[in-house]
file upload_32.cif (mmCIF, C-alpha atoms)
data_data
loop_
_atom_site.group_PDB
_atom_site.id
_atom_site.type_symbol
_atom_site.label_atom_id
_atom_site.label_comp_id
_atom_site.auth_asym_id
_atom_site.auth_seq_id
_atom_site.Cartn_x
_atom_site.Cartn_y
_atom_site.Cartn_z
ATOM 1 C CA MET A 1 20.400 -18.584 -31.159
ATOM 2 C CA PRO A 2 19.228 -15.622 -33.308
ATOM 3 C CA ALA A 3 18.665 -12.393 -31.398
ATOM 4 C CA LEU A 4 15.027 -12.165 -32.542
ATOM 5 C CA PHE A 5 14.295 -15.654 -31.231
ATOM 6 C CA ARG A 6 15.897 -14.802 -27.875
ATOM 7 C CA LEU A 7 13.760 -11.654 -27.592
ATOM 8 C CA ARG A 8 10.590 -13.536 -28.499
ATOM 9 C CA THR A 9 11.390 -16.244 -25.956
ATOM 10 C CA ALA A 10 12.006 -13.627 -23.260
ATOM 11 C CA LEU A 11 8.708 -11.885 -23.968
ATOM 12 C CA LEU A 12 6.750 -15.139 -23.914
ATOM 13 C CA SER A 13 8.392 -16.017 -20.611
ATOM 14 C CA LEU A 14 7.487 -12.598 -19.237
ATOM 15 C CA ALA A 15 3.880 -13.029 -20.373
ATOM 16 C CA ALA A 16 3.730 -16.388 -18.635
ATOM 17 C CA THR A 17 5.077 -14.795 -15.486
ATOM 18 C CA SER A 18 2.374 -12.120 -15.730
ATOM 19 C CA VAL A 19 -0.384 -14.702 -15.926
ATOM 20 C CA LEU A 20 1.068 -16.684 -13.053
ATOM 21 C CA THR A 21 1.492 -13.714 -10.736
ATOM 22 C CA GLY A 22 -2.054 -12.399 -10.971
ATOM 23 C CA CYS A 23 -5.399 -12.673 -12.724
ATOM 24 C CA LEU A 24 -8.458 -10.512 -13.248
ATOM 25 C CA SER A 25 -10.692 -12.766 -11.200
ATOM 26 C CA ASP A 26 -8.962 -13.217 -7.854
ATOM 27 C CA ASP A 27 -11.138 -16.050 -6.593
ATOM 28 C CA ASP A 28 -8.007 -18.166 -6.227
ATOM 29 C CA ASP A 29 -6.057 -15.365 -4.556
ATOM 30 C CA ASP A 30 -3.581 -13.135 -6.378
ATOM 31 C CA SER A 31 -0.678 -15.552 -6.802
ATOM 32 C CA PRO A 32 -0.424 -19.335 -7.184
ATOM 33 C CA THR A 33 1.829 -20.014 -4.193
ATOM 34 C CA PRO A 34 1.547 -17.062 -1.787
ATOM 35 C CA PRO A 35 4.150 -16.730 0.949
ATOM 36 C CA PRO A 36 3.094 -17.023 4.606
ATOM 37 C CA ARG A 37 0.818 -14.154 5.538
ATOM 38 C CA PRO A 38 2.402 -11.287 7.449
ATOM 39 C CA GLN A 39 1.253 -11.006 11.047
ATOM 40 C CA GLY A 40 1.197 -7.266 11.712
ATOM 41 C CA THR A 41 -0.969 -4.461 10.329
ATOM 42 C CA ALA A 42 -0.373 -0.723 10.146
ATOM 43 C CA THR A 43 -1.818 2.361 8.450
ATOM 44 C CA LEU A 44 -0.237 4.891 6.109
ATOM 45 C CA GLN A 45 -2.105 8.194 6.028
ATOM 46 C CA GLY A 46 -1.541 11.908 5.678
ATOM 47 C CA THR A 47 1.995 13.082 4.889
ATOM 48 C CA ILE A 48 5.219 11.115 5.250
ATOM 49 C CA ASN A 49 8.210 13.259 6.215
ATOM 50 C CA GLY A 50 11.843 12.283 6.776
ATOM 51 C CA VAL A 51 12.760 8.639 6.179
ATOM 52 C CA ARG A 52 10.093 5.936 6.625
ATOM 53 C CA THR A 53 11.072 2.294 6.230
ATOM 54 C CA LEU A 54 8.325 -0.308 6.042
ATOM 55 C CA SER A 55 8.525 -3.953 7.109
ATOM 56 C CA ALA A 56 7.725 -6.990 4.985
ATOM 57 C CA ASP A 57 5.997 -8.712 7.927
ATOM 58 C CA THR A 58 3.314 -6.006 8.090
ATOM 59 C CA ILE A 59 0.307 -5.327 5.834
ATOM 60 C CA TYR A 60 -0.087 -1.566 5.333
ATOM 61 C CA THR A 61 -3.437 0.075 4.626
ATOM 62 C CA ILE A 62 -3.192 3.220 2.480
ATOM 63 C CA ARG A 63 -5.912 5.376 4.029
ATOM 64 C CA GLY A 64 -6.966 8.311 1.893
ATOM 65 C CA PHE A 65 -4.439 10.130 -0.263
ATOM 66 C CA VAL A 66 -0.979 9.623 1.241
ATOM 67 C CA TYR A 67 1.849 12.005 0.292
ATOM 68 C CA VAL A 68 5.601 11.361 0.521
ATOM 69 C CA ALA A 69 6.731 14.964 1.005
ATOM 70 C CA ASN A 70 9.501 16.918 -0.686
ATOM 71 C CA GLY A 71 12.809 15.756 0.824
ATOM 72 C CA ALA A 72 11.316 12.589 2.331
ATOM 73 C CA ARG A 73 12.096 8.974 1.417
ATOM 74 C CA LEU A 74 9.873 5.904 1.624
ATOM 75 C CA ASN A 75 11.710 2.555 1.688
ATOM 76 C CA ILE A 76 9.695 -0.584 0.914
ATOM 77 C CA PRO A 77 11.455 -3.968 1.213
ATOM 78 C CA ALA A 78 10.816 -7.047 -0.891
ATOM 79 C CA GLY A 79 7.646 -8.957 -0.072
ATOM 80 C CA THR A 80 5.746 -6.016 1.423
ATOM 81 C CA ARG A 81 1.995 -5.844 0.825
ATOM 82 C CA LEU A 82 0.101 -2.539 0.773
ATOM 83 C CA VAL A 83 -3.684 -2.355 0.415
ATOM 84 C CA GLY A 84 -5.663 0.666 -0.717
ATOM 85 C CA ASP A 85 -8.629 1.677 1.398
ATOM 86 C CA THR A 86 -11.857 1.298 -0.588
ATOM 87 C CA THR A 87 -13.992 3.947 1.121
ATOM 88 C CA ALA A 88 -15.912 6.555 -0.888
ATOM 89 C CA LEU A 89 -13.140 9.184 -0.759
ATOM 90 C CA GLY A 90 -10.599 6.861 -2.330
ATOM 91 C CA SER A 91 -6.932 6.185 -1.578
ATOM 92 C CA ALA A 92 -3.633 6.502 -3.425
ATOM 93 C CA LEU A 93 0.084 6.931 -2.792
ATOM 94 C CA PHE A 94 1.696 10.124 -4.127
ATOM 95 C CA VAL A 95 5.486 10.471 -4.197
ATOM 96 C CA LEU A 96 5.839 14.225 -4.551
ATOM 97 C CA ARG A 97 8.415 16.324 -6.351
ATOM 98 C CA GLY A 98 11.710 16.164 -4.443
ATOM 99 C CA ALA A 99 10.741 12.940 -2.612
ATOM 100 C CA GLN A 100 11.937 9.405 -3.302
ATOM 101 C CA ILE A 101 10.446 5.922 -3.139
ATOM 102 C CA ASN A 102 12.790 2.941 -2.965
ATOM 103 C CA ALA A 103 10.652 -0.143 -3.547
ATOM 104 C CA ASN A 104 13.024 -3.037 -4.192
ATOM 105 C CA GLY A 105 11.168 -6.284 -4.624
ATOM 106 C CA THR A 106 12.464 -9.527 -6.094
ATOM 107 C CA ALA A 107 11.022 -12.085 -8.498
ATOM 108 C CA ALA A 108 10.302 -14.396 -5.565
ATOM 109 C CA ALA A 109 9.056 -11.618 -3.266
ATOM 110 C CA PRO A 110 7.467 -8.782 -5.248
ATOM 111 C CA ILE A 111 6.040 -5.675 -3.620
ATOM 112 C CA VAL A 112 2.258 -5.689 -4.110
ATOM 113 C CA PHE A 113 -0.140 -2.741 -4.014
ATOM 114 C CA THR A 114 -3.687 -4.061 -4.101
ATOM 115 C CA SER A 115 -7.255 -3.542 -2.935
ATOM 116 C CA ALA A 116 -8.176 -3.861 0.727
ATOM 117 C CA ARG A 117 -11.140 -6.050 -0.205
ATOM 118 C CA SER A 118 -10.932 -9.771 0.404
ATOM 119 C CA ALA A 119 -9.924 -12.218 -2.310
ATOM 120 C CA GLY A 120 -12.832 -12.823 -4.675
ATOM 121 C CA ASN A 121 -14.297 -9.352 -4.061
ATOM 122 C CA ARG A 122 -11.616 -7.115 -5.560
ATOM 123 C CA ALA A 123 -12.430 -5.137 -8.683
ATOM 124 C CA PRO A 124 -10.863 -2.512 -10.960
ATOM 125 C CA GLY A 125 -11.162 0.958 -9.427
ATOM 126 C CA ASP A 126 -11.205 -0.197 -5.816
ATOM 127 C CA TRP A 127 -8.475 2.326 -4.972
ATOM 128 C CA GLY A 128 -6.342 4.963 -6.710
ATOM 129 C CA GLY A 129 -2.853 3.734 -7.556
ATOM 130 C CA LEU A 130 0.787 4.835 -7.403
ATOM 131 C CA ILE A 131 1.650 8.354 -8.565
ATOM 132 C CA ILE A 132 5.238 9.661 -8.822
ATOM 133 C CA VAL A 133 5.873 13.356 -9.494
ATOM 134 C CA GLY A 134 9.332 14.502 -10.565
ATOM 135 C CA ASN A 135 11.264 17.617 -11.549
ATOM 136 C CA ALA A 136 11.802 16.858 -15.242
ATOM 137 C CA ARG A 137 10.404 18.959 -18.044
ATOM 138 C CA THR A 138 6.991 18.629 -19.691
ATOM 139 C CA ASN A 139 5.615 20.592 -22.632
ATOM 140 C CA ARG A 140 2.715 21.990 -20.591
ATOM 141 C CA THR A 141 2.727 25.466 -19.100
ATOM 142 C CA GLY A 142 0.814 26.762 -16.118
ATOM 143 C CA ASN A 143 0.055 25.015 -12.853
ATOM 144 C CA ILE A 144 -1.350 21.702 -14.080
ATOM 145 C CA ILE A 145 -2.337 19.254 -11.353
ATOM 146 C CA VAL A 146 -2.240 15.466 -11.407
ATOM 147 C CA GLU A 147 -5.699 14.200 -12.246
ATOM 148 C CA GLY A 148 -7.479 12.936 -9.170
ATOM 149 C CA SER A 149 -5.478 14.891 -6.585
ATOM 150 C CA ASN A 150 -7.858 17.817 -6.193
ATOM 151 C CA GLY A 151 -8.590 18.388 -2.520
ATOM 152 C CA SER A 152 -12.185 19.416 -3.141
ATOM 153 C CA VAL A 153 -12.839 15.730 -3.764
ATOM 154 C CA THR A 154 -10.485 14.058 -1.287
ATOM 155 C CA GLY A 155 -10.223 16.662 1.450
ATOM 156 C CA ALA A 156 -6.485 15.951 1.537
ATOM 157 C CA ASP A 157 -4.830 18.729 -0.455
ATOM 158 C CA PRO A 158 -6.852 21.812 -1.463
ATOM 159 C CA ALA A 159 -4.183 22.969 -3.925
ATOM 160 C CA GLY A 160 -3.830 19.677 -5.776
ATOM 161 C CA VAL A 161 -0.464 18.247 -6.862
ATOM 162 C CA ILE A 162 1.273 20.352 -9.516
ATOM 163 C CA TYR A 163 3.695 18.543 -11.834
ATOM 164 C CA THR A 164 4.486 21.180 -14.460
ATOM 165 C CA GLY A 165 7.368 23.647 -14.446
ATOM 166 C CA GLY A 166 10.255 21.282 -13.714
ATOM 167 C CA THR A 167 13.679 21.766 -15.304
ATOM 168 C CA LEU A 168 15.803 18.809 -14.067
ATOM 169 C CA ASP A 169 15.641 16.051 -16.684
ATOM 170 C CA GLY A 170 18.085 13.886 -14.694
ATOM 171 C CA ASP A 171 15.964 14.053 -11.532
ATOM 172 C CA ASN A 172 15.863 10.931 -9.347
ATOM 173 C CA SER A 173 12.554 9.921 -7.752
ATOM 174 C CA GLY A 174 13.936 6.585 -6.535
ATOM 175 C CA THR A 175 13.572 2.963 -7.622
ATOM 176 C CA LEU A 176 10.669 0.666 -8.447
ATOM 177 C CA ARG A 177 11.744 -2.921 -9.028
ATOM 178 C CA TYR A 178 9.461 -5.983 -9.018
ATOM 179 C CA VAL A 179 6.376 -3.982 -8.059
ATOM 180 C CA ARG A 180 2.798 -5.000 -8.906
ATOM 181 C CA VAL A 181 -0.217 -2.654 -8.745
ATOM 182 C CA GLU A 182 -3.636 -4.336 -8.743
ATOM 183 C CA PHE A 183 -7.283 -3.168 -9.000
ATOM 184 C CA ALA A 184 -6.389 0.535 -9.137
ATOM 185 C CA GLY A 185 -8.066 3.372 -11.057
ATOM 186 C CA PHE A 186 -10.416 4.970 -8.514
ATOM 187 C CA ALA A 187 -12.345 7.842 -10.127
ATOM 188 C CA THR A 188 -12.266 11.005 -8.020
ATOM 189 C CA LEU A 189 -14.528 12.763 -10.544
ATOM 190 C CA PRO A 190 -16.573 11.540 -13.530
ATOM 191 C CA ASP A 191 -14.124 10.505 -16.272
ATOM 192 C CA ALA A 192 -11.142 11.350 -14.014
ATOM 193 C CA GLU A 193 -9.785 7.955 -13.024
ATOM 194 C CA LEU A 194 -6.303 7.526 -11.643
ATOM 195 C CA ASN A 195 -3.905 5.136 -13.392
ATOM 196 C CA SER A 196 -2.221 2.091 -11.910
ATOM 197 C CA PHE A 197 1.199 3.698 -12.440
ATOM 198 C CA THR A 198 1.398 7.445 -13.103
ATOM 199 C CA PHE A 199 4.784 9.021 -13.886
ATOM 200 C CA ALA A 200 4.399 12.807 -14.003
ATOM 201 C CA ALA A 201 7.543 14.695 -15.065
ATOM 202 C CA VAL A 202 9.724 11.892 -13.693
ATOM 203 C CA GLY A 203 13.445 12.230 -14.447
ATOM 204 C CA SER A 204 15.948 9.832 -15.986
ATOM 205 C CA GLY A 205 17.725 9.239 -12.659
ATOM 206 C CA THR A 206 14.745 7.135 -11.578
ATOM 207 C CA THR A 207 14.834 3.327 -12.024
ATOM 208 C CA LEU A 208 11.763 1.435 -13.281
ATOM 209 C CA GLU A 209 12.195 -2.310 -13.812
ATOM 210 C CA TYR A 210 9.996 -5.421 -13.660
ATOM 211 C CA LEU A 211 6.676 -3.668 -13.060
ATOM 212 C CA GLN A 212 3.204 -5.117 -13.530
ATOM 213 C CA SER A 213 -0.250 -3.577 -13.608
ATOM 214 C CA LEU A 214 -3.176 -5.922 -13.089
ATOM 215 C CA ALA A 215 -6.850 -5.085 -13.687
ATOM 216 C CA GLY A 216 -6.737 -1.296 -13.452
ATOM 217 C CA LEU A 217 -9.854 0.717 -14.302
ATOM 218 C CA ASP A 218 -7.957 3.268 -16.423
ATOM 219 C CA ASP A 219 -4.465 3.182 -17.977
ATOM 220 C CA SER A 220 -1.936 0.692 -16.682
ATOM 221 C CA PHE A 221 1.112 2.916 -17.261
ATOM 222 C CA GLU A 222 0.926 6.623 -18.084
ATOM 223 C CA TRP A 223 3.730 9.144 -18.541
ATOM 224 C CA PHE A 224 3.103 12.906 -18.463
ATOM 225 C CA GLY A 225 6.289 14.445 -19.830
ATOM 226 C CA GLY A 226 9.580 13.540 -18.165
ATOM 227 C CA THR A 227 12.562 11.484 -19.271
ATOM 228 C CA VAL A 228 12.469 8.279 -17.199
ATOM 229 C CA ASP A 229 13.302 4.957 -18.891
ATOM 230 C CA GLY A 230 11.650 1.625 -18.100
ATOM 231 C CA ARG A 231 12.328 -2.060 -18.700
ATOM 232 C CA TYR A 232 10.221 -5.217 -18.381
ATOM 233 C CA LEU A 233 6.786 -3.626 -18.019
ATOM 234 C CA VAL A 234 3.727 -5.901 -18.035
ATOM 235 C CA SER A 235 0.119 -4.755 -18.359
ATOM 236 C CA TYR A 236 -2.549 -7.391 -17.671
ATOM 237 C CA GLU A 237 -6.214 -6.578 -18.349
ATOM 238 C CA SER A 238 -6.384 -2.783 -18.606
ATOM 239 C CA GLY A 239 -9.582 -0.763 -18.405
ATOM 240 C CA ASP A 240 -8.207 1.731 -20.939
ATOM 241 C CA ASP A 241 -4.720 2.071 -22.456
ATOM 242 C CA HIS A 242 -2.011 -0.378 -21.513
ATOM 243 C CA PHE A 243 0.760 2.175 -22.143
ATOM 244 C CA ASP A 244 0.085 5.872 -22.678
ATOM 245 C CA SER A 245 2.369 8.899 -22.902
ATOM 246 C CA ALA A 246 1.762 12.598 -23.502
ATOM 247 C CA GLU A 247 3.002 16.114 -22.812
ATOM 248 C CA GLY A 248 6.466 15.677 -24.265
ATOM 249 C CA TYR A 249 7.515 12.368 -22.688
ATOM 250 C CA ARG A 250 11.073 11.619 -23.864
ATOM 251 C CA GLY A 251 11.981 8.406 -22.039
ATOM 252 C CA ARG A 252 12.619 4.975 -23.541
ATOM 253 C CA ASN A 253 10.925 1.696 -22.659
ATOM 254 C CA GLN A 254 12.242 -1.770 -23.477
ATOM 255 C CA PHE A 255 10.561 -5.184 -23.230
ATOM 256 C CA VAL A 256 6.934 -4.170 -22.711
ATOM 257 C CA ILE A 257 4.032 -6.555 -23.090
ATOM 258 C CA ALA A 258 0.249 -6.378 -22.687
ATOM 259 C CA LEU A 259 -2.387 -9.078 -22.375
ATOM 260 C CA GLN A 260 -6.068 -8.239 -22.865
ATOM 261 C CA SER A 261 -8.924 -10.728 -22.912
ATOM 262 C CA THR A 262 -11.781 -8.414 -21.816
ATOM 263 C CA TYR A 263 -13.071 -5.340 -23.649
#
call {"tool": "encode", "arguments": {"input": "upload_32.cif", "output": "structure tokens"}}
result
Amino acid sequence: MPALFRLRTALLSLAATSVLTGCLSDDDDDSPTPPPRPQGTATLQGTINGVRTLSADTIYTIRGFVYVANGARLNIPAGTRLVGDTTALGSALFVLRGAQINANGTAAAPIVFTSARSAGNRAPGDWGGLIIVGNARTNRTGNIIVEGSNGSVTGADPAGVIYTGGTLDGDNSGTLRYVRVEFAGFATLPDAELNSFTFAAVGSGTTLEYLQSLAGLDDSFEWFGGTVDGRYLVSYESGDDHFDSAEGYRGRNQFVIALQSTY
């Protein structure tokens, strides 16, 4: 079989998987054959220090802006569901410089970040998204903060989250594998929406594979500098760019696909 045909077949299969695993209108729930619902509930809020390991039988509410601190590690097993609080101050998960997230889903049991609203009521911008900040280089100078993290809006971090000034291009912020982010893009200020996935100065030691953004209000995937590579990235119904990079991003991405039916 010619290599081009194999690549085309793989991409079509990936697109089909994207459509099957989520849709813009979630009236029929977010997946065609959902697993049994977890029984427990818990809240993530404030700052996570040390090592925190979540459980797949618990639904976690991300309340406000949650920060995985420098030196800390957040472990998320396959099949875990996390829902972003939809209150006026917004919610998002920040993995800060020097921290790690190890989110290892599987094709049969992906890790899902979604809106806390009930099925049929979810919408782009319900909550913030997933932001990873690394120690790799960017081509910006000065103390530039991640858009949307300013504490004057959220009350969570008065200094904001600075991502410039790193020097470690091989930095490791952890692993994201089979992770889906839905209905993200909360705007903390006018024209300052968060992205579904934000990679700010993330280093090449980080693993990004089999990721999907669904119905985000702003960009699906955005890289601000850094050197991280990615594979098998799917963007489904983006409010702005499907894939966007700036500020000296030097990573490589392979097998990316976008589907857009709304404008």
call {"tool": "resolve_selection", "arguments": {"input": "upload_32.cif", "expression": "the PyMOL selection byres ((chain A and resi 261) around 9)", "output": "list in words"}}
result
Tyr236, Glu237, Leu259, Gln260, Thr262 and Tyr263 of chain A
call {"tool": "closest_atom_pairs", "arguments": {"input": "upload_32.cif", "of": "stretch 137-213 of chain A", "to": "stretch 82-87 of chain A", "cutoff": "10 Å", "atoms": "all atoms listed in the file", "output": "JSON lines"}}
result
{"residue": "A:Val181", "atom": "CA", "partner": "A:Leu82", "partner_atom": "CA", "distance": 9.5}
{"residue": "A:Glu182", "atom": "CA", "partner": "A:Val83", "partner_atom": "CA", "distance": 9.4}
{"residue": "A:Phe183", "atom": "CA", "partner": "A:Gly84", "partner_atom": "CA", "distance": 9.3}
{"residue": "A:Ala184", "atom": "CA", "partner": "A:Gly84", "partner_atom": "CA", "distance": 8.5}
{"residue": "A:Phe186", "atom": "CA", "partner": "A:Thr86", "partner_atom": "CA", "distance": 8.9}
call {"tool": "resolve_selection", "arguments": {"input": "upload_32.cif", "expression": "the PyMOL selection byres ((chain A and resi 130) around 6)", "output": "list in words"}}
result
Leu93, Gly129, Ile131 and Phe197 of chain A
call {"tool": "residues_near_point", "arguments": {"input": "upload_32.cif", "point": "(10.9, 19.6, -13.8)", "cutoff": "9 Å", "atoms": "only C-alpha atoms", "output": "PyMOL selection string"}}
result
chain A and resi 97+134-138+163-169+171+201-203+226
call {"tool": "write_last_selection", "arguments": {"input": "upload_32.cif", "atoms": "C-alpha atoms", "output": "compact mmCIF listing (two decimals), in the coordinates of the input"}}
result
# COMPACT_ATOMS: atom_id res chain seq x y z
CA ARG A 97 8.41 16.32 -6.35
CA GLY A 134 9.33 14.50 -10.56
CA ASN A 135 11.26 17.62 -11.55
CA ALA A 136 11.80 16.86 -15.24
CA ARG A 137 10.40 18.96 -18.04
CA THR A 138 6.99 18.63 -19.69
CA TYR A 163 3.70 18.54 -11.83
CA THR A 164 4.49 21.18 -14.46
CA GLY A 165 7.37 23.65 -14.45
CA GLY A 166 10.26 21.28 -13.71
CA THR A 167 13.68 21.77 -15.30
CA LEU A 168 15.80 18.81 -14.07
CA ASP A 169 15.64 16.05 -16.68
CA ASP A 171 15.96 14.05 -11.53
CA ALA A 201 7.54 14.70 -15.06
CA VAL A 202 9.72 11.89 -13.69
CA GLY A 203 13.44 12.23 -14.45
CA GLY A 226 9.58 13.54 -18.16
call {"tool": "residues_around", "arguments": {"input": "upload_32.cif", "residues": "A:Ser55", "least_positions_apart": "4", "cutoff": "9 Å", "atoms": "all atoms listed in the file", "output": "PyMOL selection string"}}
result
chain A and resi 59+76-80
call {"tool": "closest_residue", "arguments": {"input": "upload_32.cif", "among": "A:Asp126, A:Asp241, A:Glu209, A:Asp57", "to": "A:Gly105", "atoms": "only C-alpha atoms"}}
result
A:Glu209
call {"tool": "axis_aligned_box", "arguments": {"input": "upload_32.cif", "around": "stretch 165-170 of chain A", "padding_each_side": "8 Å", "output": "AutoDock Vina command-line options"}}
result
--center_x 12.7 --center_y 18.8 --center_z -15.2 --size_x 26.7 --size_y 25.8 --size_z 19.0
call {"tool": "atom_distance", "arguments": {"input": "upload_32.cif", "atom1": "atom CA of A:Phe199", "atom2": "atom CA of A:Asn121"}}
result
28.3 Å
call {"tool": "resolve_selection", "arguments": {"input": "upload_32.cif", "expression": "the PyMOL selection byres ((chain A and resi 252) around 8)", "output": "PyMOL selection string"}}
result
chain A and resi 227-230+250-251+253-254
call {"tool": "atom_distance", "arguments": {"input": "upload_32.cif", "atom1": "atom CA of A:Val161", "atom2": "atom CA of A:Val68"}}
result
11.8 Å
call {"tool": "atom_distance", "arguments": {"input": "upload_32.cif", "atom1": "atom CA of A:Arg73", "atom2": "atom CA of A:Leu44"}}
result
13.8 Å
